[in-house]
Every structure is written in C-alpha cells, then in structure tokens.
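Following: one structure in structure tokens, then a few remarks.
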Amino acid sequence: MIRSVIPLIAVLLFFFEPVFSLFSPIDIGGVNFTLVPRFVIVYLIFIAIYDSRPRAIVYGIVLGLLYDMFHIDIIGLYAFLYPLICFIATVMIRQVHRHITTVMLLALALILLLEVLSYFFASFISLTSIGMEEFLFTRLLPTIIANSIFVGMFGWFFKNLIYKRVLQRQGETL
Amino acid sequence: MPRFFSNKRLILLLVGIIVLVAMISFSLRDRQHASLPEQIVKDVVGFGQSFFSKPAHYITGVIENIDGILNTYDENKTLKSRLSEYASGQAELADVRSENERLREIIGKEDNLRDYEPVHATVISRNPDQWEEKIIVDKGEVHGVGKNMAVITANGLVGKVILVNKFTSTIELLSTENRNFRVASVIPGKKSAFGLIEGYDPARGELIMKRIDSNFDVEVGQKVISSGLGGIFPQGLLIGEVTEISTDDYGLTKLAYIRPAANFAMLDHVIIAKRTSVIVDGTDGDSTAGVEGEEGS
C-alpha cells in the first residue's frame, strides 16, 4: 500500500499547487504580494534526502516536464530545475547533520534558490520587468513565508512516510 | 572538497543540459501553438486538475457566502437607496433597446458588433510560478472556443484566449506584461476617443491605453469599453475607468491610465465571448506583429 502512496502524494501536491495559486496575488495595503506555492519541490527534496537521489531526480524530471507542458509552455525549464535542486540537496545534506529541523531549513533555502533561478530565467527571456528589490520584497519574501508554513506542517509527515517506505524496501531485500 | 562527478556522470550531465537548452529554445520559438503530445498532456492534466479546483471553488464560495451574510445589513441599506434609481434606469434601457432594434430593422442592418455567444467556463488553474498571468479553463475547441477570443467576468474584461486545446484553453489576463497584448478600445462620449490598451503598469496596478488622438478630450472618470474594431472582441465590454491622462513618449498622442473594472485575483468563473459577427484577425489578434515596425518609423 505504502509503495504507491509516495508517488500518489507527489501527484496530489502537483495538482494542489495551481489551486493555491488561485488565491494569489494577495493585496495588502495596496501592494500586491505574489505567493508561489512550491509544494512539489519540497517533497522532492525530502525524497532526495531521506530516500535516494536517483528516485528524486526521476520524479523531478517527470513532474517538471508535466509542469512545463501544462503551465509554462516552455518545455525543459522545470524539468531541469527540479532535478538540479534535488542534486544540490543531496550534496548539501552531506555537510550537515540530518536532523528534521536542518532538513526543513535546507528545503526553504533551496526554495529560495529555485525562486532566484526562475527570476533570472524570467528576466532573461523578458517575461518580467520587475527589478531586484521589487522581486525580493513582493515575491520572494511572501513566497518563503508561505512555504515555510507548508514545510512546518508537512515536513514531519513526509519524513516519517518516506522512512517507512525505505524500511519496508530494506525488509523486502533481506 | 570531495569529487562530485565521475567522468561518466559529467558527460551525462552535459548532454542533459544541451538537450534541455535545445528544448527550451525550441519551445520558446513558437509558444502560440501546442504540438500534439503537448495538447494530450494539457487535456489529461487539465481533466485531473478540474477534480481539485472545483471543490476548492465550492469551499471559497461557501466562505464568501458567510462573508456576504455578515455584511448583509450595510449592503441592504446602500442597495435600497439605489433601488429607485435602478428601476428608472431599467425602464429607460428597455425603451432604448427596443428603439435601437426598430431603427436597425429600418436600415436593414442585422449584424451587430455587440452580439456574442457566451461560453461559460470554470477556471481550473492559475500558472503557479506567476511570471506570466495565465489561467487555464475547462472549455476548449469542442465547446466552440477559439484563439484570441475575449474573456470577461461579471465585472468586465479580464483577458483573452491565447491557446486552445480540445477540452481546455489557456487565457492570458489583461494584467500581463506582454507587449503584444492589445485590445482595441474606445472611450465613449460625444466624440468617442479610440485607442489601444497596450501594457500594464504593475506598480500602479493599472492598464495603459495608448494612441488616443490628441484632438479628443478625455476626462478622468470616463469609462473605457472595447470598440469591437480589433476584429475579434465584441463591442461594449467594460474594461475600466480613466484615472490619469498624459501624453506619450513622442508627444503626438495621448496616453491614459485605466483602473481595470475586473479583479484579476480569485477568478473562478469566466465567460468567453464568442462574437457572432464576422471575425477578422485585426488588432486584437496576432496580425499586428508586422504592423508594429511600420508604426515605429
């Protein structure tokens, strides 16, 4: 049962992202704050750290391709960024202790990196003309805050779930 | 520093990056059309997506209803004060409408730029990385949606269709920074001032209407509607209200800032306006791409 739960949650999160983005942008005091839901990548980072890197990268390529085709119409952007972030996650986790708090903080740091990379790409192909300061204040900061709520709520759950699956797989091979 | 890459992996990574860059540049070149695999993915994912979005709309609807009930008393007061005004307006409208119809019959003109067939659609997704202002709705080619059609809500114009699949279509909102997004519009008055909605100022949250002839008087507070002369949009869709007037960069024509009538956040149901009279690919469509060079000279 738990075998199919892991990809199922990835697909669920993929479908929930655009639902949450329907609420954005939020207008507070005349300033529009853009919240970008980055649920899938958080989950992929957890898979990369607690399970295995190749698995996370395969999930990243598949979900990234779907994301590109359905939402962005630029094929290859997120199909590249998702695996890249997973790769960086595994490289970085070797340097620090694999405690749940550090993993959560790492996930947030990588969301920040993903946002900055997508900003550079968007301004490179001139999809956007907003300046660095505006990006930091009206987009990056609210995005990090909103996603930290998500990470705080579900991080523990993801960790336990993925651990269970890993233990189960070890049991199978014995 | 540990060695992250063995030789084999490095080659694999490089090949991967080259393939992706090729794919990105290939798909960037033609974003207005979806290839067959893309269309299939869009329809299938869109079908799944609608299972998640429709309950979400239902829940927000319930919350909005509760919010509405809390404000009922105040709203009722203001509405009562406007009720008499409304009744007389309604009578006048009916009178003018019947007269208009009669006059049309006399001159034998049946085609009307104002007429459109509404296609009701539910928004199933908004582009999650919000660099582009795009939404996806659950109506497509089989429901009669076509490219470049106007998309409205009860409040006014919100955008236009940019990509049509069999069962879903992608809509670009008016609040886009895309410079090729134009709407032929008019400020009705004694002398109607025609212009083009072209561009959006994200800092002000307002649309920019350009190329208004400087001989025409435009005042702050006037309404802006679509003119129907762009070839695809029907006439008379409310766009917004003029908030500021200035001259454009060259000082030859006027430029007006327009506060949009529709709200671009929290869209749930939209109407795609399918014009009944002849559709030509004019300013509202893509055919302006070639014209732009001439105008600059």
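Identifiers in the structure tokens: chain A, B, ... in order shown; residue index from 1 per chain; ligand index from 1 in order shown.
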
Requested in this report: Kindly determine which residues of chain B lie within 8 Å of chain A, considering only C-alpha atoms, and give the answer as a ChimeraX atom specification.
Outcome: /B:17,20-21,23-24,27-28,31,38,41-42,45-46,48-49,52-53,56,124-132,177-178,265-267

Once you have the residues from the selection above, write them out as a short mmCIF file (atom, residue, chain, number, x, y, z; two decimals), in the first residue's frame, restricted to C-alpha atoms.
```cif
data_model
loop_
_atom_site.label_atom_id
_atom_site.label_comp_id
_atom_site.auth_asym_id
_atom_site.auth_seq_id
_atom_site.Cartn_x
_atom_site.Cartn_y
_atom_site.Cartn_z
CA ILE B 17 21.91 20.31 -20.26
CA LEU B 20 17.26 20.86 -22.29
CA VAL B 21 18.63 24.10 -23.71
CA MET B 23 14.18 22.04 -25.95
CA ILE B 24 13.79 25.39 -24.21
CA SER B 27 9.54 25.67 -27.34
CA LEU B 28 10.24 29.38 -26.84
CA ARG B 31 4.50 29.32 -27.82
CA GLU B 38 1.56 18.82 -25.52
CA VAL B 41 -0.79 16.27 -21.77
CA LYS B 42 -2.71 19.51 -21.34
CA VAL B 45 -3.70 17.04 -16.73
CA GLY B 46 -6.50 19.57 -17.12
CA GLY B 48 -7.33 15.76 -13.39
CA GLN B 49 -6.86 19.36 -12.32
CA PHE B 52 -9.11 19.54 -7.47
CA SER B 53 -10.13 23.04 -8.50
CA ALA B 56 -11.77 24.49 -3.99
CA ILE B 124 -9.15 25.17 -13.13
CA SER B 125 -5.68 26.52 -12.61
CA ARG B 126 -3.56 29.59 -12.45
CA ASN B 127 0.04 29.45 -13.57
CA PRO B 128 1.76 28.59 -10.24
CA ASP B 129 5.05 30.35 -10.95
CA GLN B 130 3.36 33.61 -11.63
CA TRP B 131 5.78 35.18 -14.08
CA GLU B 132 3.07 35.21 -16.67
CA GLU B 177 3.44 42.49 -19.13
CA ASN B 178 3.34 41.04 -22.63
CA ALA B 265 -7.23 37.75 -8.28
CA MET B 266 -9.54 34.93 -7.21
CA LEU B 267 -11.05 34.26 -10.60
#
```

Could I get the residues of region 28-136 of chain A with an atom no further than 8 Å from an atom of region 160-173 of chain A, each paired with its nearest atom pair and that distance in Å to one decimal, using only C-alpha atoms, sorted by chain and residue number, as JSON lines?
```
{"residue": "A:Phe46", "atom": "CA", "partner": "A:Ile162", "partner_atom": "CA", "distance": 8.0}
{"residue": "A:Ile47", "atom": "CA", "partner": "A:Ile162", "partner_atom": "CA", "distance": 6.8}
{"residue": "A:Tyr50", "atom": "CA", "partner": "A:Ile162", "partner_atom": "CA", "distance": 6.6}
{"residue": "A:Asp51", "atom": "CA", "partner": "A:Val166", "partner_atom": "CA", "distance": 6.4}
```

Go ahead and save the picked residues with N, CA and C atoms, as a CSV table (one decimal), in the first residue's frame.
```
chain,number,residue,atom,x,y,z
A,46,PHE,N,12.7,16.2,0.2
A,46,PHE,CA,12.6,15.2,1.3
A,46,PHE,C,12.9,13.8,0.7
A,47,ILE,N,12.4,13.5,-0.5
A,47,ILE,CA,12.7,12.2,-1.1
A,47,ILE,C,14.2,12.1,-1.3
A,50,TYR,N,15.9,11.7,2.3
A,50,TYR,CA,15.7,10.5,3.1
A,50,TYR,C,15.6,9.2,2.3
A,51,ASP,N,15.3,9.3,1.0
A,51,ASP,CA,15.3,8.1,0.2
A,51,ASP,C,16.5,8.1,-0.6
```

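Atom to atom, CA of Leu163 (chain B) and CA of Gly231 (chain B) stand 17.7 Å apart.
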
Query raised in the report: Hey, what does DSSP flag as alpha helix (DSSP H) within chain A? Can you give it to me as a ChimeraX atom specification?
Result: /A:2-21,39-50,53-67,77-93,100-124,132-135,141-173

Report task. Return as a PyMOL selection string the full set of residues in region 115-230 of chain B whose backbone-based DSSP assignment is strand (DSSP E). Result -> chain B and resi 116-126+134-137+150-152+157-164+169-173+182-187+193-201+206-213+223-226

Query raised in the report: Out of B:Ala154, B:Leu83, B:Ala22, B:Val183, which residue has the shortest atom-to-atom distance to Gly228 (chain B) when counting only C-alpha atoms?
Result: B:Val183

Query - For Leu114 (chain A): contacts at 12 Å, only C-alpha atoms, fewer than 2 positions along chain excluded, given as a ChimeraX atom specification - result: /A:36-38,41-42,45,77-78,80-86,88-89,107-112,116-121,140,143-144 /B:129

Given the selection you just returned, output its residues as a file containing C-alpha atoms, formatted as a PDB file, in the first residue's frame.
```
ATOM      1  CA  VAL A  36       4.235  30.966  -5.262  1.00  0.00           C
ATOM      2  CA  PRO A  37       3.337  27.502  -3.957  1.00  0.00           C
ATOM      3  CA  ARG A  38       6.383  25.231  -4.197  1.00  0.00           C
ATOM      4  CA  ILE A  41       9.917  20.641  -4.810  1.00  0.00           C
ATOM      5  CA  VAL A  42       9.712  20.436  -1.001  1.00  0.00           C
ATOM      6  CA  ILE A  45      13.870  17.469  -1.534  1.00  0.00           C
ATOM      7  CA  LEU A  77      12.702  24.761 -17.656  1.00  0.00           C
ATOM      8  CA  TYR A  78      11.387  22.992 -14.573  1.00  0.00           C
ATOM      9  CA  PHE A  80      15.903  20.961 -15.467  1.00  0.00           C
ATOM     10  CA  LEU A  81      15.439  22.981 -12.261  1.00  0.00           C
ATOM     11  CA  TYR A  82      13.704  20.262 -10.216  1.00  0.00           C
ATOM     12  CA  PRO A  83      16.456  17.620 -10.649  1.00  0.00           C
ATOM     13  CA  LEU A  84      19.109  20.298 -10.166  1.00  0.00           C
ATOM     14  CA  ILE A  85      17.603  21.317  -6.818  1.00  0.00           C
ATOM     15  CA  CYS A  86      17.383  17.646  -5.750  1.00  0.00           C
ATOM     16  CA  ILE A  88      22.109  20.228  -4.690  1.00  0.00           C
ATOM     17  CA  ALA A  89      20.023  19.000  -1.749  1.00  0.00           C
ATOM     18  CA  ALA A 107      14.295  22.919   1.959  1.00  0.00           C
ATOM     19  CA  LEU A 108      13.469  26.605   2.499  1.00  0.00           C
ATOM     20  CA  ALA A 109      16.932  27.669   1.372  1.00  0.00           C
ATOM     21  CA  LEU A 110      16.510  25.610  -1.787  1.00  0.00           C
ATOM     22  CA  ILE A 111      13.073  27.128  -2.484  1.00  0.00           C
ATOM     23  CA  LEU A 112      14.830  30.485  -2.257  1.00  0.00           C
ATOM     24  CA  VAL A 116      16.014  33.255  -7.690  1.00  0.00           C
ATOM     25  CA  LEU A 117      16.896  30.957 -10.597  1.00  0.00           C
ATOM     26  CA  SER A 118      13.403  31.222 -12.063  1.00  0.00           C
ATOM     27  CA  TYR A 119      13.573  35.010 -11.643  1.00  0.00           C
ATOM     28  CA  PHE A 120      16.835  35.145 -13.558  1.00  0.00           C
ATOM     29  CA  PHE A 121      15.361  32.999 -16.290  1.00  0.00           C
ATOM     30  CA  LEU A 140      10.491  36.170  -2.650  1.00  0.00           C
ATOM     31  CA  THR A 143       6.756  33.014  -1.007  1.00  0.00           C
ATOM     32  CA  ILE A 144       9.290  31.901   1.589  1.00  0.00           C
TER      33      ILE A 144
ATOM     34  CA  ASP B 129       5.047  30.348 -10.954  1.00  0.00           C
TER      35      ASP B 129
END
```

Requested in this report: Rank A:Phe33, A:Phe137, A:Tyr43, A:Phe87 by their smallest atom-to-atom distance to Leu8 (chain A), using only C-alpha atoms, and report the top residue only.
Outcome: A:Tyr43

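For the pair CA of Asp30 (chain B) and CA of Thr176 (chain B), the separation is 18.4 Å.
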
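The smallest atom-to-atom distance between Ile232 (chain B) and any of B:Gly146, B:Gly189, B:Gly251, B:Pro260, using only C-alpha atoms, is found for B:Gly146.
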
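The coordinates place CA of Ile100 (chain A) at 7.3 Å from CA of Trp156 (chain A).
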
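Minimum distance to Val242 (chain B) across B:Glu206, B:Glu64, B:Asp281, B:Glu99 (counting only C-alpha atoms) occurs at B:Glu206.
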